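Enquirer: Enclosed is the structure file start-v4.cif (mmCIF, C-alpha atoms and all ligand atoms).
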data_input
loop_
_atom_site.label_atom_id
_atom_site.label_comp_id
_atom_site.auth_asym_id
_atom_site.auth_seq_id
_atom_site.Cartn_x
_atom_site.Cartn_y
_atom_site.Cartn_z
CA MET D 19 -3.91 30.14 11.95
CA ASN D 20 -0.37 31.43 12.41
CA HIS D 21 0.02 29.55 15.67
CA ILE D 22 -0.83 26.34 13.83
CA ARG D 23 1.80 27.16 11.24
CA ASN D 24 4.27 27.66 14.09
CA LYS D 25 3.27 24.27 15.45
CA ILE D 26 4.13 22.70 12.08
CA GLN D 27 7.54 24.34 12.14
CA ASP D 28 8.15 23.32 15.77
CA SER D 29 7.03 19.71 15.34
CA LYS D 30 9.69 17.19 16.20
CA THR D 31 10.37 14.06 14.23
CA LEU D 32 12.38 10.84 14.58
CA LEU D 33 13.00 11.20 18.31
CA GLY D 34 13.15 7.46 19.02
CA PRO D 35 13.99 5.22 20.72
CA PHE D 36 14.06 2.91 17.73
CA PRO D 37 14.82 -0.78 17.22
CA THR D 38 18.27 -1.67 15.91
CA PHE D 39 18.78 -2.77 12.31
CA ASP D 40 21.48 -5.38 11.71
CA VAL D 41 22.06 -5.17 7.96
CA GLU D 42 24.54 -8.06 8.07
CA GLY D 43 21.85 -10.45 9.24
CA THR D 44 19.30 -9.58 6.54
CA PRO D 45 17.79 -12.30 4.32
CA TYR D 46 18.46 -12.69 0.59
CA PHE D 47 14.85 -11.90 -0.41
CA PRO D 48 13.32 -8.47 0.37
CA ASN D 49 9.85 -9.95 0.97
CA GLU D 50 11.33 -11.95 3.85
CA LEU D 51 12.82 -8.85 5.43
CA PHE D 52 9.49 -7.08 4.88
CA LEU D 53 7.73 -9.80 6.88
CA GLU D 54 10.37 -9.58 9.63
CA TRP D 55 9.83 -5.82 9.83
CA PHE D 56 6.05 -6.28 9.76
CA GLN D 57 6.35 -8.57 12.77
CA VAL D 58 8.32 -5.87 14.61
CA ALA D 59 5.63 -3.32 13.65
CA LEU D 60 2.97 -5.60 15.12
CA ALA D 61 5.01 -6.12 18.29
CA HIS D 62 5.19 -2.31 18.71
CA ASP D 63 1.44 -1.92 18.08
CA VAL D 64 1.95 0.22 14.99
CA HIS D 65 -1.48 1.59 14.06
CA GLU D 66 -2.70 0.06 10.77
CA PRO D 67 0.72 -1.24 9.67
CA HIS D 68 -0.93 -2.61 6.52
CA ALA D 69 -1.93 0.88 5.30
CA MET D 70 0.42 1.96 2.51
CA THR D 71 0.72 4.65 -0.12
CA LEU D 72 0.32 3.45 -3.70
CA SER D 73 1.79 5.75 -6.33
CA THR D 74 0.83 5.52 -9.98
CA VAL D 75 1.32 7.67 -13.07
CA ASN D 76 -1.37 8.99 -15.38
CA LYS D 77 -1.37 9.11 -19.18
CA GLU D 78 0.52 12.41 -19.17
CA GLY D 79 3.23 10.91 -16.94
CA ALA D 80 2.12 12.90 -13.88
CA PRO D 81 2.33 11.07 -10.53
CA ASP D 82 -0.63 10.35 -8.27
CA SER D 83 -0.91 8.63 -4.91
CA ARG D 84 -3.35 7.44 -2.29
CA VAL D 85 -3.50 5.12 0.73
CA LEU D 86 -4.57 1.50 0.25
CA ILE D 87 -4.64 -1.66 2.30
CA LEU D 88 -1.95 -4.29 1.81
CA LYS D 89 -3.79 -7.58 1.42
CA ASP D 90 -0.93 -10.06 1.38
CA VAL D 91 2.78 -10.57 0.73
CA ASP D 92 4.40 -13.72 -0.59
CA GLU D 93 7.51 -14.71 -2.53
CA GLU D 94 5.95 -13.25 -5.71
CA GLY D 95 4.98 -9.82 -4.45
CA TRP D 96 2.81 -7.41 -2.51
CA TYR D 97 -0.98 -7.46 -3.07
CA PHE D 98 -3.67 -4.78 -3.06
CA ALA D 99 -7.22 -4.65 -4.38
CA THR D 100 -9.27 -1.93 -6.00
CA SER D 101 -11.70 -1.12 -8.79
CA THR D 102 -10.32 -0.91 -12.32
CA ASN D 103 -12.96 1.80 -12.95
CA SER D 104 -11.35 4.10 -10.39
CA GLU D 105 -8.84 6.78 -11.29
CA LYS D 106 -5.94 4.60 -10.13
CA GLY D 107 -7.48 1.63 -11.96
CA LYS D 108 -7.42 3.54 -15.25
CA GLN D 109 -3.87 4.68 -14.56
CA LEU D 110 -2.79 1.10 -13.83
CA MET D 111 -4.37 -0.20 -17.03
CA ASN D 112 -2.35 2.35 -18.98
CA ASN D 113 0.92 2.08 -17.06
CA SER D 114 1.70 -0.72 -14.63
CA ASP D 115 4.68 1.07 -13.02
CA VAL D 116 3.96 1.65 -9.33
CA ALA D 117 5.59 2.51 -6.03
CA LEU D 118 4.46 1.50 -2.54
CA ASN D 119 5.46 3.26 0.64
CA PHE D 120 5.05 2.23 4.27
CA TYR D 121 5.94 4.54 7.16
CA TRP D 122 5.80 3.28 10.73
CA SER D 123 6.71 6.34 12.81
CA ILE D 124 6.80 4.69 16.23
CA ILE D 125 9.69 2.46 15.11
CA GLY D 126 11.19 5.00 12.65
CA ARG D 127 10.91 2.69 9.68
CA GLN D 128 10.07 3.40 6.07
CA ILE D 129 9.86 0.83 3.28
CA ARG D 130 9.86 1.86 -0.37
CA ILE D 131 8.93 -0.62 -3.09
CA ARG D 132 9.03 -0.06 -6.86
CA GLY D 133 7.81 -2.47 -9.50
CA LYS D 134 4.96 -3.46 -11.77
CA ALA D 135 1.34 -4.08 -10.75
CA MET D 136 -0.11 -7.18 -12.39
CA LYS D 137 -3.78 -8.13 -12.46
CA MET D 138 -4.66 -11.43 -10.81
CA ASP D 139 -6.97 -13.93 -12.51
CA GLU D 140 -10.77 -13.81 -12.35
CA GLU D 141 -11.10 -16.63 -9.81
CA THR D 142 -8.71 -14.94 -7.35
CA ASN D 143 -10.51 -11.60 -7.76
CA VAL D 144 -13.88 -13.21 -7.05
CA LYS D 145 -12.53 -14.97 -3.97
CA ASP D 146 -11.03 -11.73 -2.67
CA PHE D 147 -14.26 -9.83 -3.30
CA LEU D 148 -16.45 -12.38 -1.52
CA ASN D 149 -14.12 -12.24 1.51
CA ARG D 150 -14.87 -8.55 2.02
CA GLY D 151 -17.44 -7.18 4.45
CA LYS D 152 -21.00 -6.60 3.28
CA VAL D 153 -20.86 -2.79 3.26
CA ALA D 154 -17.55 -2.79 1.38
CA ARG D 155 -19.04 -5.16 -1.22
CA ALA D 156 -22.19 -3.05 -1.51
CA ILE D 157 -20.12 0.12 -2.09
CA SER D 158 -18.05 -1.62 -4.77
CA LEU D 159 -21.25 -2.77 -6.48
CA ILE D 160 -22.17 0.89 -7.05
CA GLU D 161 -19.20 0.81 -9.47
CA LYS D 162 -18.51 4.54 -9.34
CA GLN D 163 -15.29 4.92 -7.37
CA SER D 164 -13.55 8.23 -8.20
CA SER D 165 -16.30 9.58 -10.47
CA ILE D 166 -18.14 12.79 -9.54
CA ILE D 167 -21.10 12.53 -7.15
CA ASP D 168 -23.81 15.25 -7.35
CA LYS D 169 -24.60 15.21 -3.65
CA GLN D 170 -23.45 13.12 -0.69
CA SER D 171 -26.99 11.79 -0.06
CA ASP D 172 -26.79 9.96 -3.43
CA PHE D 173 -24.16 7.76 -1.79
CA GLU D 174 -26.49 6.77 1.05
CA GLU D 175 -29.30 5.91 -1.35
CA ALA D 176 -27.11 3.88 -3.69
CA LEU D 177 -25.60 2.02 -0.74
CA LYS D 178 -29.04 1.19 0.67
CA ALA D 179 -30.13 -0.18 -2.70
CA ARG D 180 -27.01 -2.36 -3.10
CA LEU D 181 -27.27 -3.66 0.48
CA SER D 182 -30.81 -4.77 -0.11
CA TYR D 183 -29.78 -6.32 -3.46
CA LEU D 184 -27.07 -8.31 -1.64
CA GLU D 185 -29.72 -9.79 0.66
CA ASP D 186 -31.11 -11.73 -2.31
CA HIS D 187 -27.84 -12.05 -4.27
CA PRO D 188 -25.13 -12.67 -1.65
CA ASP D 189 -22.66 -13.97 -4.25
CA GLU D 190 -22.86 -10.93 -6.53
CA VAL D 191 -19.38 -9.71 -7.49
CA ALA D 192 -18.40 -6.23 -8.71
CA ALA D 193 -17.03 -6.77 -12.21
CA SER D 194 -14.30 -4.17 -11.80
CA TRP D 195 -12.94 -5.50 -8.49
CA THR D 196 -9.35 -6.59 -9.06
CA LEU D 197 -6.53 -7.92 -6.96
CA PHE D 198 -3.14 -6.65 -8.12
CA LYS D 199 0.25 -8.17 -7.37
CA VAL D 200 3.16 -5.76 -7.23
CA VAL D 201 6.22 -7.55 -8.58
CA ALA D 202 9.12 -5.56 -7.18
CA ASP D 203 12.50 -4.82 -8.68
CA GLU D 204 13.63 -2.35 -6.00
CA VAL D 205 12.93 -2.44 -2.27
CA GLU D 206 14.48 -0.06 0.25
CA PHE D 207 14.44 -0.51 4.03
CA TRP D 208 15.01 2.74 5.90
CA GLN D 209 15.74 2.73 9.61
CA ALA D 210 15.78 5.99 11.53
CA ASP D 211 18.49 6.65 14.08
CA GLU D 212 18.04 9.08 17.00
CA ASN D 213 21.35 10.72 16.07
CA ARG D 214 20.30 11.10 12.43
CA GLN D 215 22.69 8.38 11.25
CA HIS D 216 19.86 6.66 9.46
CA ILE D 217 20.47 3.30 7.80
CA ARG D 218 19.28 2.66 4.24
CA LEU D 219 19.47 -0.83 2.78
CA LYS D 220 18.35 -1.22 -0.82
CA TYR D 221 17.59 -4.48 -2.63
CA ASP D 222 17.98 -4.22 -6.43
CA LEU D 223 16.89 -7.02 -8.72
CA GLU D 224 19.75 -7.42 -11.18
CA GLY D 225 18.90 -10.14 -13.69
CA ARG D 226 17.57 -12.87 -11.43
CA ASP D 227 19.58 -11.89 -8.36
CA TRP D 228 18.77 -9.59 -5.49
CA ILE D 229 21.77 -7.35 -4.81
CA LYS D 230 21.91 -5.46 -1.51
CA LYS D 231 23.39 -1.97 -1.29
CA LEU D 232 23.76 0.55 1.50
CA LEU D 233 22.77 4.12 0.63
CA TRP D 234 23.86 7.44 2.10
CA ALA D 235 21.19 8.96 4.30
C1 LIG D 301 -6.49 3.48 5.45
C2 LIG D 301 -7.11 3.49 4.06
C3 LIG D 301 -7.27 2.31 3.39
C4 LIG D 301 -7.82 2.28 2.11
N1 LIG D 301 -7.88 1.09 1.44
C5 LIG D 301 -8.31 1.06 0.16
C6 LIG D 301 -8.24 -0.16 -0.60
O1 LIG D 301 -7.76 -1.21 -0.12
N2 LIG D 301 -8.72 -0.13 -1.88
C7 LIG D 301 -9.20 1.02 -2.45
O2 LIG D 301 -9.61 0.97 -3.61
N3 LIG D 301 -9.25 2.19 -1.77
C8 LIG D 301 -8.81 2.25 -0.49
N4 LIG D 301 -8.81 3.44 0.21
C9 LIG D 301 -9.31 4.66 -0.47
C10 LIG D 301 -8.19 5.25 -1.36
O3 LIG D 301 -7.26 5.96 -0.59
C11 LIG D 301 -8.74 6.17 -2.47
O4 LIG D 301 -9.51 7.22 -1.90
C12 LIG D 301 -9.63 5.46 -3.49
O5 LIG D 301 -9.13 4.16 -3.78
C13 LIG D 301 -9.76 6.26 -4.77
O6 LIG D 301 -8.48 6.49 -5.30
P1 LIG D 301 -8.27 6.92 -6.85
O7 LIG D 301 -9.22 8.05 -7.10
O8 LIG D 301 -6.85 7.33 -6.97
O9 LIG D 301 -8.60 5.71 -7.69
C14 LIG D 301 -8.26 3.48 1.50
C15 LIG D 301 -8.08 4.70 2.20
C16 LIG D 301 -7.51 4.70 3.44
C17 LIG D 301 -7.29 6.03 4.14
#
Let me see whether you can do it: turn the structure in this file into structure tokens.
Expert:
Amino acid sequence: MNHIRNKIQDSKTLLGPFPTFDVEGTPYFPNELFLEWFQVALAHDVHEPHAMTLSTVNKEGAPDSRVLILKDVDEEGWYFATSTNSEKGKQLMNNSDVALNFYWSIIGRQIRIRGKAMKMDEETNVKDFLNRGKVARAISLIEKQSSIIDKQSDFEEALKARLSYLEDHPDEVAASWTLFKVVADEVEFWQADENRQHIRLKYDLEGRDWIKKLLWA
């Protein structure tokens, strides 16, 4: 195992080449810059660019995080969906403060978003749920995300039962399935530089205005 530990220590990072980042030409709204960067990520074939880390805090104030799928971005915020029964769901119901993080290594870009996660209305949740694949819907219908499972084979059995239920009830919706909108008040765009002169541009919502600031790397 020591040679693997050596490999960790010898691993290189941020070698580039990376795209340039013209901070002068950035838009007023951070969601617009996010979409511009997303387009660049797509053009560079970033693997799963819509996978992001969602951080939450529990009742004791301790942080927690996991990877989720970004479902959409518009002028109001960034969207993700999950079960309110899950660990993160319970944390969100108690404290809506969240952080999102995207890291696209091939283009040396990181985006950090902080804000509040707001539940969308019932109709939107239902629409989102019914748009999901059959297996994903069947798993959600088990309604046990993040609770303890006795043995892995219980999963297979429960899934089989829900899949067969969906055959007769294709419009069944998991009651806990919820789309959340993250309304941001801080968004940072981080661009790596091969010579370590990384560029950090932060958008802060001050009152109703987005104020842009450069940060030391
Ligand atoms: C690439 C990827 C995408 C995922 N997307 C979602 C998602 O959109 N919604 C979700 O609830 N869990 C998703 N998961 C699973 C979560 O990471 C996590 O295991 C699960 O939501 C339970 O988290 P919790 O115990 O903190 O509630 C995804 C995992 C990965 C690796």
Enquirer: Taking into account all atoms listed in the file, which residue in the set D:Lys162, D:His187, D:Lys77, D:Arg23 is nearest to ligand LIG 301 (chain D)?
Expert: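 Closest candidate: D:Lys162.
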Enquirer: Dump the neighbourhood of ligand LIG 301 (chain D) as a ChimeraX atom specification: all residues within 12 Å, distances computed on only C-alpha atoms and all ligand atoms.
Expert: /D:65-76,81-90,97-111,120,146-147,150,154-155,157-158,161-166,194-198
Enquirer: Closest to Ala176 in chain D among D:Lys30, D:Leu159, D:Asp189, D:Phe47, using only C-alpha atoms?
Expert: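 Of all the options, D:Leu159 lies closest to Ala176 in chain D.
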Enquirer: Please compute the CA of Arg127 in chain D-CA of Trp234 in chain D distance, one decimal, in Å.
Expert: 15.7 Å
Enquirer: Work out how far CA of Leu219 in chain D is from CA of Lys199 in chain D, in Å to one decimal.
Expert: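 Distance reported for this atom pair: 22.9 Å.
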Enquirer: In Å, with one decimal, what is the gap from CA of Lys231 in chain D to CA of Pro45 in chain D?
Expert: 13.0 Å
Enquirer: Give me, as a CSV table (one decimal) with C-alpha atoms, keeping the file's coordinate frame, all polymer residues having an atom no more than 6 Å from Ile129 in chain D, counting only C-alpha atoms and skipping those fewer than 2 positions away in the same chain.
Expert:
chain,number,residue,atom,x,y,z
D,119,ASN,CA,5.5,3.3,0.6
D,120,PHE,CA,5.0,2.2,4.3
D,206,GLU,CA,14.5,-0.1,0.2
D,207,PHE,CA,14.4,-0.5,4.0
Enquirer: Show which residues sit within 9 Å of Gln209 in chain D, as a ChimeraX atom specification. Count all atoms listed in the file, and ignore same-chain residues fewer than 3 positions away.
Expert: /D:36-39,125-129,216-219
Enquirer: Could you list, as a ChimeraX atom specification, every residue within 10 Å of Val201 in chain D, counting all atoms listed in the file and ignoring same-chain residues fewer than 2 positions away?
Expert: /D:93-97,115-116,131-136,198-199,203-204
Enquirer: Could you tell me which of D:Leu184, D:Ile167, D:Ala179, D:Ala202 comes closest to Lys152 in chain D if we count only C-alpha atoms?
Expert: D:Leu184
